[in-house]
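Written below as structure tokens is the structure these notes are about.
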Amino acid sequence: MAKAAHFDDIDVPGETKKKQRATPPKKKGMERVLDTIERVGNKVPHPAVIFVALIALVMVLSHLFYRLGASVTYETINPETHQLEQTTTAAKSLLTGEGLRFMFAGVVQHFMDFNAVGVIIVAMLGVGVADAAGLVGALIRKLVAVAPARALTYILVFVGILSSIAADAGYLVLIPLAAAAYLTVGRHPLAGLAASFAGVAAVFTVNILIKPLDGILTEITNDAIHIMAPDRSIDLTANFWFSAASVVMLTIVVSLISDKLIEPRLGAYTGEKPATTGAKLSPEESRGLKFAFWGLVGVLVFFGLLALPPGAPLRNPETGALVGDSPFMNGLIVAITVLFLVTGAAYGVGAGTLKNSVDVIKAMEKAVAGLGGLIFLLFIISQFIALFTYTNMATIAAVKVGDALEHAGLGALPLLVGFVLVVAVLDLIMTGAIPKWAIFAPVFVPLLMRLNVDPEAVLAAYRVGDGPFNAISPLNAYFALIVTFAQKYQKDAGVGTVVALMLPYVIVVFAIWIAMLVAWQVLGLPWGLG
């Protein structure tokens with residue numbers, strides 16, 4: 001006897017088509033890998049718990065290496081005296097009496113020495129006023145209105161790369177603005193966050209402008225050159241052509257990754273969208289922007305008078321320099337805070353969103369209050385970094401790996417590429433650009449010079465190695481901040497979410513940048529001006 005058919009088993013042509021349309025397309029290859037990374041990454045405990053576990057691991061490993069007598073002797077350049085110094089560094093245990101005293105007595109000082117905390121709080125004082133007044137939203141809508149839709153990603157990435165001139169301001173200002181800009185035009189905000197984060201972090205080491213870091217890296221390079229050739233030196237623009245070409249190329253590469261890979265993987269954004277999406281500026285907002293413009297002019301004139309004239313107080317009192325090591329560049333985050341504070345308050349007065357000084361103060365208080373969770377996490381991270389640095393394990397690893405590469409018997413070009421790879425790997429545990437270069441420069445600059453490689457090429461190779469992995473390094477002081485930004489648009493976002501977002505950038509940028517470095521060296525192109 002035939003089995004009775006159930007109505008649910010009958011295929012209705014129209015319903016079949018609906019089901020087919022409702023079924024999301026199967027993800028392939030890289031998308032599935034990234035989804036797996038995100039799932040696994042988000043299942044790990046809270047980042048604070050992870051860093052507490054890492055502290056425990058460092059304590060055990062430090063005592064093990066201490067008991068084994070691990071140490072290295074190497075030559076390094078003192079960035080302050082510019083002298084070549086022979087240094088012996090031994091592993092230090094956190095479980096000895098001295099180590100325990102360091103952990104216990106230094107808790108507060110470790111937190112105070114963690115520069116990211118102060119930078120974030122100071123920057124948010126100004127950004128908070130601009131946001132509360134409505135200036136941020138109005139500027140985003142103005143940008144969206146005047147910028148071609150297809151160029152939005154390229155503009156944000158390019159500005160992100162250039163933001164390294166302002167030290168850490170890109171992390172604090174541009175990345176949340178980029179996410180909001182994407183949301184305003186109906187695109188996924190995490191795609192905007194990822195694109196700008198890649199520009200700010202992964203391409204941090206190059207610029208078309210001279211930034212403070214360049215001065216220090218150049219000085220260390222010259223000290224290393226003088227070991228081989230006392231009469232030879234390079235200047236601040238020694239990598240200008242390579243840096244400028246890198247900015248152009250990587251702006252295109254990062255933008256294409258965002259538009260062709262990251263955003264399609266994220267799909268349509270289903271979260272809360274602003275009611276002002278696509279809306280024109282109101283008369284009040286337009287008036288507010290005019291007030292903000294004159295506030296901007298006032299800030300620029302104010303700092304221009306303090307920085308531009310010869311002998312101005314914000315110039316280096318000894319050399320008179322404005323770019324490089326000067327009060328202006330060292331305190332640039334303060335200038336940016338004042339800029340947002342003044343323009344935000346001016347906008348609020350013009351648009352009627354801020355009535356008096358009390359409203360301005362409340363906006364600043366609200367901005368700082370919202371950092372509570374992040375400050376707690378940064379407290380834990382600051383302890384980990386201080387304790388890990390104390391053990392000297394990162395320095396020992398850097399010297400050992402550098403020695404192995406030096407004695408590997410490679411040719412000039414393979415050695416240059418190998419150097420990039422070593423710097424990149426160590427960047428995951430030793431993020432500071434200056435300490436690593438102080439260790440590597442006196443080894444690799446003279447070594448590669450003996451193989452007829454210009455010191456400018458070695459410095460360029462260091463920039464390539466020290467850049468991309470900043471976007472996924474757990475020791476990046478601002479990584480936790482990016483996770484916090486992501487949670488605004490995806491409540492369950494975690495470390496895995498950000499790593500999965502950024503991994504394609506890291507892999508592709510790193511590979512293409514190395515290829516560019518090799519081509520530059522093989523073709524004998526000029527690295528910089530002069």
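Following the order of the structure tokens, first chain is A, next is B, and so on, with residues numbered from 1 inside each chain and ligands from 1 in the order they appear.
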Report as a Markdown table: every residue of stretch 181-290 of chain A with an atom at most 12 Å from stretch 456-462 of chain A, its closest pair of atoms, and their distance in Å to one decimal, counting only C-alpha atoms, with rows sorted by chain and ascending residue number.
```
| residue | atom | partner | partner_atom | distance |
| --- | --- | --- | --- | --- |
| A:Thr205 | CA | A:Tyr462 | CA | 8.9 |
| A:Val206 | CA | A:Ala460 | CA | 9.0 |
| A:Asp214 | CA | A:Leu459 | CA | 10.2 |
| A:Ile216 | CA | A:Leu459 | CA | 11.8 |
| A:Leu217 | CA | A:Leu459 | CA | 8.0 |
| A:Thr218 | CA | A:Leu459 | CA | 8.3 |
| A:Glu219 | CA | A:Leu459 | CA | 11.2 |
| A:Ile220 | CA | A:Leu459 | CA | 10.0 |
| A:Thr221 | CA | A:Leu459 | CA | 7.3 |
| A:Asn222 | CA | A:Glu456 | CA | 10.0 |
| A:Ala224 | CA | A:Leu459 | CA | 10.9 |
| A:Ile225 | CA | A:Glu456 | CA | 10.1 |
| A:Arg232 | CA | A:Glu456 | CA | 11.6 |
| A:Ser233 | CA | A:Glu456 | CA | 9.8 |
| A:Ile234 | CA | A:Glu456 | CA | 7.4 |
| A:Asp235 | CA | A:Glu456 | CA | 9.5 |
| A:Leu236 | CA | A:Glu456 | CA | 10.5 |
| A:Thr237 | CA | A:Glu456 | CA | 9.7 |
| A:Ala238 | CA | A:Glu456 | CA | 6.0 |
| A:Asn239 | CA | A:Glu456 | CA | 6.4 |
| A:Phe240 | CA | A:Ala460 | CA | 9.7 |
| A:Trp241 | CA | A:Ala460 | CA | 10.4 |
| A:Phe242 | CA | A:Ala460 | CA | 7.4 |
| A:Ser243 | CA | A:Ala460 | CA | 8.1 |
| A:Ala244 | CA | A:Ala460 | CA | 11.7 |
| A:Ala245 | CA | A:Ala460 | CA | 11.9 |
| A:Ser246 | CA | A:Ala460 | CA | 10.4 |
```
Skip stretch 356-364 of chain A itself and residues of its chain fewer than 2 positions away, then list as a PDB file with N, CA and C atoms, in the first residue's frame all residues within 12 Å of it, counting only C-alpha atoms.
```pdb
ATOM      1  N   ILE A 121      42.696  58.754  27.275  1.00  0.00           N
ATOM      2  CA  ILE A 121      41.866  59.630  28.115  1.00  0.00           C
ATOM      3  C   ILE A 121      41.938  61.069  27.624  1.00  0.00           C
ATOM      4  N   VAL A 122      43.170  61.545  27.335  1.00  0.00           N
ATOM      5  CA  VAL A 122      43.319  62.930  26.884  1.00  0.00           C
ATOM      6  C   VAL A 122      42.604  63.142  25.553  1.00  0.00           C
ATOM      7  N   ALA A 123      42.770  62.213  24.624  1.00  0.00           N
ATOM      8  CA  ALA A 123      42.134  62.364  23.315  1.00  0.00           C
ATOM      9  C   ALA A 123      40.616  62.361  23.425  1.00  0.00           C
ATOM     10  N   MET A 124      40.080  61.494  24.297  1.00  0.00           N
ATOM     11  CA  MET A 124      38.628  61.378  24.407  1.00  0.00           C
ATOM     12  C   MET A 124      37.991  62.611  25.038  1.00  0.00           C
ATOM     13  N   LEU A 125      38.748  63.410  25.762  1.00  0.00           N
ATOM     14  CA  LEU A 125      38.202  64.652  26.306  1.00  0.00           C
ATOM     15  C   LEU A 125      37.725  65.568  25.184  1.00  0.00           C
ATOM     16  N   GLY A 126      38.555  65.666  24.129  1.00  0.00           N
ATOM     17  CA  GLY A 126      38.168  66.498  22.997  1.00  0.00           C
ATOM     18  C   GLY A 126      37.176  65.822  22.088  1.00  0.00           C
ATOM     19  N   VAL A 127      37.425  64.549  21.768  1.00  0.00           N
ATOM     20  CA  VAL A 127      36.540  63.814  20.866  1.00  0.00           C
ATOM     21  C   VAL A 127      35.145  63.685  21.468  1.00  0.00           C
ATOM     22  N   GLY A 128      35.067  63.523  22.785  1.00  0.00           N
ATOM     23  CA  GLY A 128      33.773  63.402  23.451  1.00  0.00           C
ATOM     24  C   GLY A 128      32.912  64.640  23.273  1.00  0.00           C
ATOM     25  N   VAL A 129      33.537  65.812  23.335  1.00  0.00           N
ATOM     26  CA  VAL A 129      32.784  67.061  23.140  1.00  0.00           C
ATOM     27  C   VAL A 129      32.292  67.155  21.698  1.00  0.00           C
ATOM     28  N   ALA A 130      33.181  66.843  20.749  1.00  0.00           N
ATOM     29  CA  ALA A 130      32.795  66.902  19.333  1.00  0.00           C
ATOM     30  C   ALA A 130      31.668  65.927  19.030  1.00  0.00           C
ATOM     31  N   ASP A 131      31.712  64.761  19.648  1.00  0.00           N
ATOM     32  CA  ASP A 131      30.677  63.752  19.407  1.00  0.00           C
ATOM     33  C   ASP A 131      29.353  64.166  20.031  1.00  0.00           C
ATOM     34  N   ALA A 132      29.403  64.618  21.287  1.00  0.00           N
ATOM     35  CA  ALA A 132      28.175  65.013  21.980  1.00  0.00           C
ATOM     36  C   ALA A 132      27.517  66.214  21.304  1.00  0.00           C
ATOM     37  N   ALA A 133      28.317  67.108  20.762  1.00  0.00           N
ATOM     38  CA  ALA A 133      27.758  68.293  20.108  1.00  0.00           C
ATOM     39  C   ALA A 133      27.103  67.949  18.773  1.00  0.00           C
ATOM     40  N   GLY A 134      27.516  66.811  18.185  1.00  0.00           N
ATOM     41  CA  GLY A 134      26.977  66.434  16.882  1.00  0.00           C
ATOM     42  C   GLY A 134      27.917  66.749  15.737  1.00  0.00           C
ATOM     43  N   THR A 337      43.544  67.131  20.677  1.00  0.00           N
ATOM     44  CA  THR A 337      42.469  67.215  21.668  1.00  0.00           C
ATOM     45  C   THR A 337      41.880  68.622  21.718  1.00  0.00           C
ATOM     46  N   PHE A 340      39.661  69.267  18.637  1.00  0.00           N
ATOM     47  CA  PHE A 340      38.320  68.680  18.724  1.00  0.00           C
ATOM     48  C   PHE A 340      37.478  69.374  19.788  1.00  0.00           C
ATOM     49  N   LEU A 341      38.113  69.760  20.884  1.00  0.00           N
ATOM     50  CA  LEU A 341      37.386  70.428  21.957  1.00  0.00           C
ATOM     51  C   LEU A 341      36.837  71.771  21.488  1.00  0.00           C
ATOM     52  N   VAL A 342      37.684  72.572  20.864  1.00  0.00           N
ATOM     53  CA  VAL A 342      37.264  73.911  20.428  1.00  0.00           C
ATOM     54  C   VAL A 342      36.255  73.827  19.285  1.00  0.00           C
ATOM     55  N   THR A 343      36.562  73.003  18.275  1.00  0.00           N
ATOM     56  CA  THR A 343      35.627  72.911  17.143  1.00  0.00           C
ATOM     57  C   THR A 343      34.312  72.270  17.567  1.00  0.00           C
ATOM     58  N   GLY A 344      34.382  71.307  18.482  1.00  0.00           N
ATOM     59  CA  GLY A 344      33.159  70.676  18.970  1.00  0.00           C
ATOM     60  C   GLY A 344      32.286  71.655  19.737  1.00  0.00           C
ATOM     61  N   ALA A 345      32.928  72.437  20.616  1.00  0.00           N
ATOM     62  CA  ALA A 345      32.177  73.432  21.382  1.00  0.00           C
ATOM     63  C   ALA A 345      31.617  74.513  20.459  1.00  0.00           C
ATOM     64  N   ALA A 346      32.417  74.938  19.479  1.00  0.00           N
ATOM     65  CA  ALA A 346      31.942  75.953  18.535  1.00  0.00           C
ATOM     66  C   ALA A 346      30.756  75.435  17.725  1.00  0.00           C
ATOM     67  N   TYR A 347      30.846  74.179  17.294  1.00  0.00           N
ATOM     68  CA  TYR A 347      29.725  73.586  16.559  1.00  0.00           C
ATOM     69  C   TYR A 347      28.478  73.544  17.448  1.00  0.00           C
ATOM     70  N   GLY A 348      28.662  73.141  18.696  1.00  0.00           N
ATOM     71  CA  GLY A 348      27.529  73.042  19.610  1.00  0.00           C
ATOM     72  C   GLY A 348      26.841  74.377  19.815  1.00  0.00           C
ATOM     73  N   VAL A 349      27.630  75.449  19.907  1.00  0.00           N
ATOM     74  CA  VAL A 349      27.046  76.788  20.054  1.00  0.00           C
ATOM     75  C   VAL A 349      26.273  77.162  18.791  1.00  0.00           C
ATOM     76  N   GLY A 350      26.888  76.911  17.628  1.00  0.00           N
ATOM     77  CA  GLY A 350      26.244  77.277  16.374  1.00  0.00           C
ATOM     78  C   GLY A 350      24.993  76.468  16.088  1.00  0.00           C
ATOM     79  N   GLY A 352      23.245  74.858  18.383  1.00  0.00           N
ATOM     80  CA  GLY A 352      22.328  74.879  19.519  1.00  0.00           C
ATOM     81  C   GLY A 352      22.293  73.588  20.304  1.00  0.00           C
ATOM     82  N   THR A 353      23.281  72.697  20.110  1.00  0.00           N
ATOM     83  CA  THR A 353      23.288  71.422  20.825  1.00  0.00           C
ATOM     84  C   THR A 353      24.008  71.506  22.167  1.00  0.00           C
ATOM     85  N   LEU A 354      24.843  72.517  22.332  1.00  0.00           N
ATOM     86  CA  LEU A 354      25.496  72.767  23.613  1.00  0.00           C
ATOM     87  C   LEU A 354      25.115  74.172  24.063  1.00  0.00           C
ATOM     88  N   LYS A 366      31.198  62.248  30.316  1.00  0.00           N
ATOM     89  CA  LYS A 366      30.557  61.080  29.713  1.00  0.00           C
ATOM     90  C   LYS A 366      31.547  60.281  28.868  1.00  0.00           C
ATOM     91  N   ALA A 367      32.409  60.989  28.140  1.00  0.00           N
ATOM     92  CA  ALA A 367      33.392  60.309  27.290  1.00  0.00           C
ATOM     93  C   ALA A 367      34.366  59.490  28.128  1.00  0.00           C
ATOM     94  N   VAL A 368      34.840  60.058  29.226  1.00  0.00           N
ATOM     95  CA  VAL A 368      35.790  59.345  30.086  1.00  0.00           C
ATOM     96  C   VAL A 368      35.095  58.210  30.827  1.00  0.00           C
ATOM     97  N   ALA A 369      33.862  58.435  31.265  1.00  0.00           N
ATOM     98  CA  ALA A 369      33.119  57.386  31.975  1.00  0.00           C
ATOM     99  C   ALA A 369      32.907  56.158  31.103  1.00  0.00           C
ATOM    100  N   GLY A 370      32.752  56.376  29.825  1.00  0.00           N
ATOM    101  CA  GLY A 370      32.543  55.257  28.905  1.00  0.00           C
ATOM    102  C   GLY A 370      33.781  54.410  28.683  1.00  0.00           C
ATOM    103  N   LEU A 371      34.921  54.844  29.214  1.00  0.00           N
ATOM    104  CA  LEU A 371      36.169  54.106  29.034  1.00  0.00           C
ATOM    105  C   LEU A 371      36.457  53.150  30.184  1.00  0.00           C
TER     106      LEU A 371
END
```
Task: Spatial neighbours of stretch 503-515 of chain A, max dist 7 Å, only C-alpha atoms, sep filter under 5 positions, as a PyMOL selection string - done: chain A and resi 198+202+254+257+464+468-469
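The two atoms in question, atom CA of A:Asn392 and atom CA of A:Thr87, are spaced 12.4 Å apart.
Restricting the calculation to only C-alpha atoms, the smallest distance between A:Gly267 and any of A:Leu190, A:Leu94, A:Ile333, A:Leu213 is found for A:Leu190.
The closest residue to A:Leu322, picked from A:Gly215, A:Gly69, A:Pro189, A:Gly402 and counting only C-alpha atoms, is A:Gly215.
Of note, atom CA of A:Ala480 and atom CA of A:Leu174 are spaced 15.9 Å apart.
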TODO: Have a look at A:Ser62, A:Thr96, A:Ser282, A:Asn470 and name the one nearest to A:Gly199; count only C-alpha atoms.
DONE: A:Asn470
Task: Sel. of helix (DSSP H, G or I) residues, stretch 279-350 of chain A, as an MDAnalysis selection string - done: chainID A and resid 283:307 327:330 332:350
Next, write the just-selected residues to a file, as a tab-separated table (two decimals), in the first residue's frame, keeping N, CA and C atoms as the atom set.
```tsv
chain	number	residue	atom	x	y	z
A	283	PRO	N	19.62	73.45	8.56
A	283	PRO	CA	20.20	74.81	8.68
A	283	PRO	C	21.02	74.98	9.96
A	284	GLU	N	20.55	74.37	11.06
A	284	GLU	CA	21.29	74.47	12.32
A	284	GLU	C	22.65	73.78	12.21
A	285	GLU	N	22.66	72.61	11.58
A	285	GLU	CA	23.92	71.89	11.41
A	285	GLU	C	24.88	72.65	10.50
A	286	SER	N	24.36	73.24	9.44
A	286	SER	CA	25.21	74.03	8.54
A	286	SER	C	25.82	75.22	9.28
A	287	ARG	N	24.99	75.87	10.11
A	287	ARG	CA	25.51	77.00	10.90
A	287	ARG	C	26.57	76.50	11.89
A	288	GLY	N	26.32	75.33	12.49
A	288	GLY	CA	27.29	74.75	13.42
A	288	GLY	C	28.62	74.47	12.75
A	289	LEU	N	28.59	73.97	11.50
A	289	LEU	CA	29.83	73.70	10.78
A	289	LEU	C	30.60	74.99	10.48
A	290	LYS	N	29.86	76.07	10.21
A	290	LYS	CA	30.53	77.35	9.99
A	290	LYS	C	31.24	77.81	11.27
A	291	PHE	N	30.56	77.67	12.40
A	291	PHE	CA	31.18	78.02	13.68
A	291	PHE	C	32.40	77.14	13.93
A	292	ALA	N	32.28	75.83	13.62
A	292	ALA	CA	33.39	74.91	13.82
A	292	ALA	C	34.58	75.29	12.94
A	293	PHE	N	34.29	75.75	11.72
A	293	PHE	CA	35.37	76.16	10.81
A	293	PHE	C	36.16	77.31	11.41
A	294	TRP	N	35.47	78.32	11.95
A	294	TRP	CA	36.18	79.44	12.54
A	294	TRP	C	36.89	79.02	13.83
A	295	GLY	N	36.33	78.05	14.52
A	295	GLY	CA	37.05	77.49	15.68
A	295	GLY	C	38.33	76.81	15.24
A	296	LEU	N	38.27	76.08	14.12
A	296	LEU	CA	39.45	75.43	13.57
A	296	LEU	C	40.50	76.47	13.19
A	297	VAL	N	40.09	77.54	12.54
A	297	VAL	CA	41.02	78.60	12.15
A	297	VAL	C	41.71	79.17	13.38
A	298	GLY	N	40.92	79.40	14.44
A	298	GLY	CA	41.49	79.94	15.67
A	298	GLY	C	42.53	79.02	16.28
A	299	VAL	N	42.24	77.70	16.30
A	299	VAL	CA	43.19	76.74	16.85
A	299	VAL	C	44.47	76.71	16.02
A	300	LEU	N	44.34	76.71	14.69
A	300	LEU	CA	45.52	76.68	13.82
A	300	LEU	C	46.38	77.93	14.00
A	301	VAL	N	45.74	79.08	14.12
A	301	VAL	CA	46.49	80.32	14.34
A	301	VAL	C	47.22	80.27	15.68
A	302	PHE	N	46.50	79.78	16.69
A	302	PHE	CA	47.08	79.69	18.04
A	302	PHE	C	48.34	78.82	18.05
A	303	PHE	N	48.22	77.61	17.50
A	303	PHE	CA	49.38	76.72	17.50
A	303	PHE	C	50.43	77.16	16.48
A	304	GLY	N	50.00	77.83	15.43
A	304	GLY	CA	50.97	78.37	14.48
A	304	GLY	C	51.89	79.38	15.14
A	305	LEU	N	51.33	80.25	15.97
A	305	LEU	CA	52.13	81.24	16.67
A	305	LEU	C	53.07	80.59	17.68
A	306	LEU	N	52.65	79.45	18.25
A	306	LEU	CA	53.48	78.76	19.24
A	306	LEU	C	54.55	77.87	18.62
A	307	ALA	N	54.40	77.56	17.32
A	307	ALA	CA	55.30	76.57	16.73
A	307	ALA	C	56.09	77.06	15.52
A	327	PRO	N	58.84	69.70	21.22
A	327	PRO	CA	57.65	69.71	22.08
A	327	PRO	C	56.35	69.61	21.29
A	328	PHE	N	56.32	70.22	20.09
A	328	PHE	CA	55.10	70.19	19.29
A	328	PHE	C	54.77	68.76	18.86
A	329	MET	N	55.76	68.04	18.32
A	329	MET	CA	55.50	66.68	17.86
A	329	MET	C	55.27	65.73	19.03
A	330	ASN	N	56.00	65.92	20.11
A	330	ASN	CA	55.84	65.05	21.28
A	330	ASN	C	54.48	65.26	21.96
A	332	LEU	N	51.69	66.28	20.25
A	332	LEU	CA	50.72	66.47	19.18
A	332	LEU	C	49.32	66.01	19.56
A	333	ILE	N	49.23	64.99	20.42
A	333	ILE	CA	47.90	64.51	20.83
A	333	ILE	C	47.16	65.59	21.61
A	334	VAL	N	47.89	66.46	22.31
A	334	VAL	CA	47.26	67.57	23.03
A	334	VAL	C	46.68	68.56	22.04
A	335	ALA	N	47.43	68.86	20.98
A	335	ALA	CA	46.93	69.78	19.96
A	335	ALA	C	45.67	69.23	19.30
A	336	ILE	N	45.66	67.93	19.05
A	336	ILE	CA	44.48	67.30	18.44
A	336	ILE	C	43.29	67.35	19.39
A	337	THR	N	43.54	67.13	20.68
A	337	THR	CA	42.47	67.21	21.67
A	337	THR	C	41.88	68.62	21.72
A	338	VAL	N	42.76	69.63	21.75
A	338	VAL	CA	42.29	71.02	21.77
A	338	VAL	C	41.49	71.33	20.50
A	339	LEU	N	41.96	70.81	19.36
A	339	LEU	CA	41.25	71.04	18.11
A	339	LEU	C	39.83	70.50	18.16
A	340	PHE	N	39.66	69.27	18.64
A	340	PHE	CA	38.32	68.68	18.72
A	340	PHE	C	37.48	69.37	19.79
A	341	LEU	N	38.11	69.76	20.88
A	341	LEU	CA	37.39	70.43	21.96
A	341	LEU	C	36.84	71.77	21.49
A	342	VAL	N	37.68	72.57	20.86
A	342	VAL	CA	37.26	73.91	20.43
A	342	VAL	C	36.26	73.83	19.28
A	343	THR	N	36.56	73.00	18.28
A	343	THR	CA	35.63	72.91	17.14
A	343	THR	C	34.31	72.27	17.57
A	344	GLY	N	34.38	71.31	18.48
A	344	GLY	CA	33.16	70.68	18.97
A	344	GLY	C	32.29	71.65	19.74
A	345	ALA	N	32.93	72.44	20.62
A	345	ALA	CA	32.18	73.43	21.38
A	345	ALA	C	31.62	74.51	20.46
A	346	ALA	N	32.42	74.94	19.48
A	346	ALA	CA	31.94	75.95	18.53
A	346	ALA	C	30.76	75.44	17.72
A	347	TYR	N	30.85	74.18	17.29
A	347	TYR	CA	29.72	73.59	16.56
A	347	TYR	C	28.48	73.54	17.45
A	348	GLY	N	28.66	73.14	18.70
A	348	GLY	CA	27.53	73.04	19.61
A	348	GLY	C	26.84	74.38	19.81
A	349	VAL	N	27.63	75.45	19.91
A	349	VAL	CA	27.05	76.79	20.05
A	349	VAL	C	26.27	77.16	18.79
A	350	GLY	N	26.89	76.91	17.63
A	350	GLY	CA	26.24	77.28	16.37
A	350	GLY	C	24.99	76.47	16.09
```
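Rounded to one decimal, atom CA of A:Ser71 and atom CA of A:Leu451 lie 29.0 Å from each other.
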- [ ] Would you kindly return, as a list in words, each protein, DNA or RNA residue with an atom no farther than 12 Å from any atom of A:Leu100, considering only C-alpha atoms and excluding same-chain residues fewer than 5 positions away?
- [x] Met59, His63, Lys92, Ser93, Leu94, Leu95, Ala105, Gly106, Val107, Leu387, Tyr390 and Thr391 of chain A
Output file for the residues above (all heavy atoms, as a CSV table (one decimal), in the first residue's frame):
```csv
chain,number,residue,atom,x,y,z
A,59,MET,N,55.7,34.1,34.3
A,59,MET,CA,56.3,33.9,35.6
A,59,MET,C,57.0,32.5,35.6
A,59,MET,O,58.2,32.4,36.1
A,59,MET,CB,55.3,33.9,36.8
A,59,MET,CG,54.7,35.4,37.0
A,59,MET,SD,53.3,35.4,38.1
A,59,MET,CE,54.1,34.8,39.6
A,63,HIS,N,61.3,31.9,35.3
A,63,HIS,CA,62.1,31.2,36.3
A,63,HIS,C,62.8,30.0,35.7
A,63,HIS,O,64.0,29.8,36.1
A,63,HIS,CB,61.1,30.7,37.4
A,63,HIS,CG,61.9,30.2,38.7
A,63,HIS,ND1,62.6,31.1,39.5
A,63,HIS,CD2,62.1,29.0,39.2
A,63,HIS,CE1,63.1,30.4,40.5
A,63,HIS,NE2,62.9,29.1,40.3
A,92,LYS,N,65.7,37.1,33.7
A,92,LYS,CA,65.4,37.5,35.1
A,92,LYS,C,64.1,36.8,35.5
A,92,LYS,O,63.1,36.8,34.8
A,92,LYS,CB,65.3,39.0,35.3
A,92,LYS,CG,66.6,39.7,34.9
A,92,LYS,CD,66.4,41.2,34.9
A,92,LYS,CE,66.2,41.8,36.3
A,92,LYS,NZ,66.2,43.3,36.2
A,93,SER,N,64.1,36.2,36.7
A,93,SER,CA,62.9,35.5,37.2
A,93,SER,C,62.0,36.4,38.0
A,93,SER,O,62.5,37.2,38.7
A,93,SER,CB,63.4,34.3,38.0
A,93,SER,OG,62.2,33.7,38.7
A,94,LEU,N,60.7,36.2,37.7
A,94,LEU,CA,59.7,36.9,38.5
A,94,LEU,C,59.4,36.2,39.8
A,94,LEU,O,58.6,36.7,40.7
A,94,LEU,CB,58.4,37.0,37.7
A,94,LEU,CG,58.5,38.0,36.5
A,94,LEU,CD1,57.3,37.8,35.6
A,94,LEU,CD2,58.6,39.5,37.0
A,95,LEU,N,60.0,35.0,40.0
A,95,LEU,CA,59.7,34.2,41.2
A,95,LEU,C,60.9,34.3,42.3
A,95,LEU,O,60.8,33.6,43.3
A,95,LEU,CB,59.4,32.8,40.9
A,95,LEU,CG,58.2,32.6,40.0
A,95,LEU,CD1,58.0,31.1,39.6
A,95,LEU,CD2,56.9,33.1,40.7
A,105,ALA,N,55.6,46.0,44.2
A,105,ALA,CA,55.8,47.4,44.4
A,105,ALA,C,55.6,48.3,43.2
A,105,ALA,O,55.4,49.5,43.3
A,105,ALA,CB,57.2,47.7,44.9
A,106,GLY,N,55.5,47.6,42.0
A,106,GLY,CA,55.5,48.4,40.8
A,106,GLY,C,54.1,48.4,40.1
A,106,GLY,O,54.0,49.0,39.0
A,107,VAL,N,53.1,47.9,40.8
A,107,VAL,CA,51.7,47.8,40.1
A,107,VAL,C,51.3,49.1,39.6
A,107,VAL,O,50.9,49.3,38.5
A,107,VAL,CB,50.7,47.1,41.1
A,107,VAL,CG1,49.3,47.3,40.5
A,107,VAL,CG2,51.0,45.7,41.3
A,387,LEU,N,55.9,43.2,33.2
A,387,LEU,CA,56.6,42.0,33.7
A,387,LEU,C,57.3,41.2,32.6
A,387,LEU,O,58.4,40.7,32.8
A,387,LEU,CB,55.5,41.1,34.3
A,387,LEU,CG,54.7,41.6,35.5
A,387,LEU,CD1,53.7,40.6,36.1
A,387,LEU,CD2,55.7,42.2,36.6
A,390,TYR,N,60.5,43.0,31.9
A,390,TYR,CA,61.4,42.8,33.0
A,390,TYR,C,62.2,41.5,32.9
A,390,TYR,O,63.4,41.4,33.2
A,390,TYR,CB,60.7,42.7,34.4
A,390,TYR,CG,61.5,42.4,35.6
A,390,TYR,CD1,62.2,43.3,36.3
A,390,TYR,CD2,61.5,41.1,36.0
A,390,TYR,CE1,63.0,43.0,37.4
A,390,TYR,CE2,62.2,40.7,37.2
A,390,TYR,CZ,63.0,41.6,37.8
A,390,TYR,OH,63.7,41.3,38.9
A,391,THR,N,61.6,40.4,32.4
A,391,THR,CA,62.2,39.1,32.3
A,391,THR,C,63.3,39.1,31.2
A,391,THR,O,64.1,38.1,31.2
A,391,THR,CB,61.2,38.0,31.9
A,391,THR,OG1,60.7,38.2,30.6
A,391,THR,CG2,60.0,38.0,32.9
```
Open item on the list: Under the rule that only C-alpha atoms are counted, which of A:Ala138, A:Ala90, A:Leu481, A:Ile252 is the nearest residue to A:Gly372?
Closed with: A:Leu481
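Comparing A:Met430, A:Val499, A:Leu261, A:Val323 by their smallest distance to A:Ile210, the closest is A:Val323 (using only C-alpha atoms).
Looking only at stretch 1-151 of chain A, the set that DSSP places in strand (DSSP E or B) from backbone geometry is Ser71, Val72, Thr73, Tyr74, Glu75, Thr76, Ile77, Leu84, Glu85, Gln86, Thr87, Thr88, Thr89 and Ala90 of chain A.
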Task: Residues near A:Pro435, cut-off 12 Å, only C-alpha atoms, skip fewer than 2 positions along chain, as a PyMOL selection string - done: chain A and resi 76-80+213+216-217+220+389+394-395+398-399+423+426-427+430-433+437-441+466
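Considering the residues A:Ile55, A:Val247, A:Val425, A:Leu256 and counting only C-alpha atoms, A:Met103 has its shortest atom-to-atom contact with A:Ile55.
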Task: Spatial neighbours of A:Lys280, max dist 12 Å, only C-alpha atoms, sep filter under 3 positions, as a count of residues only - done: 18
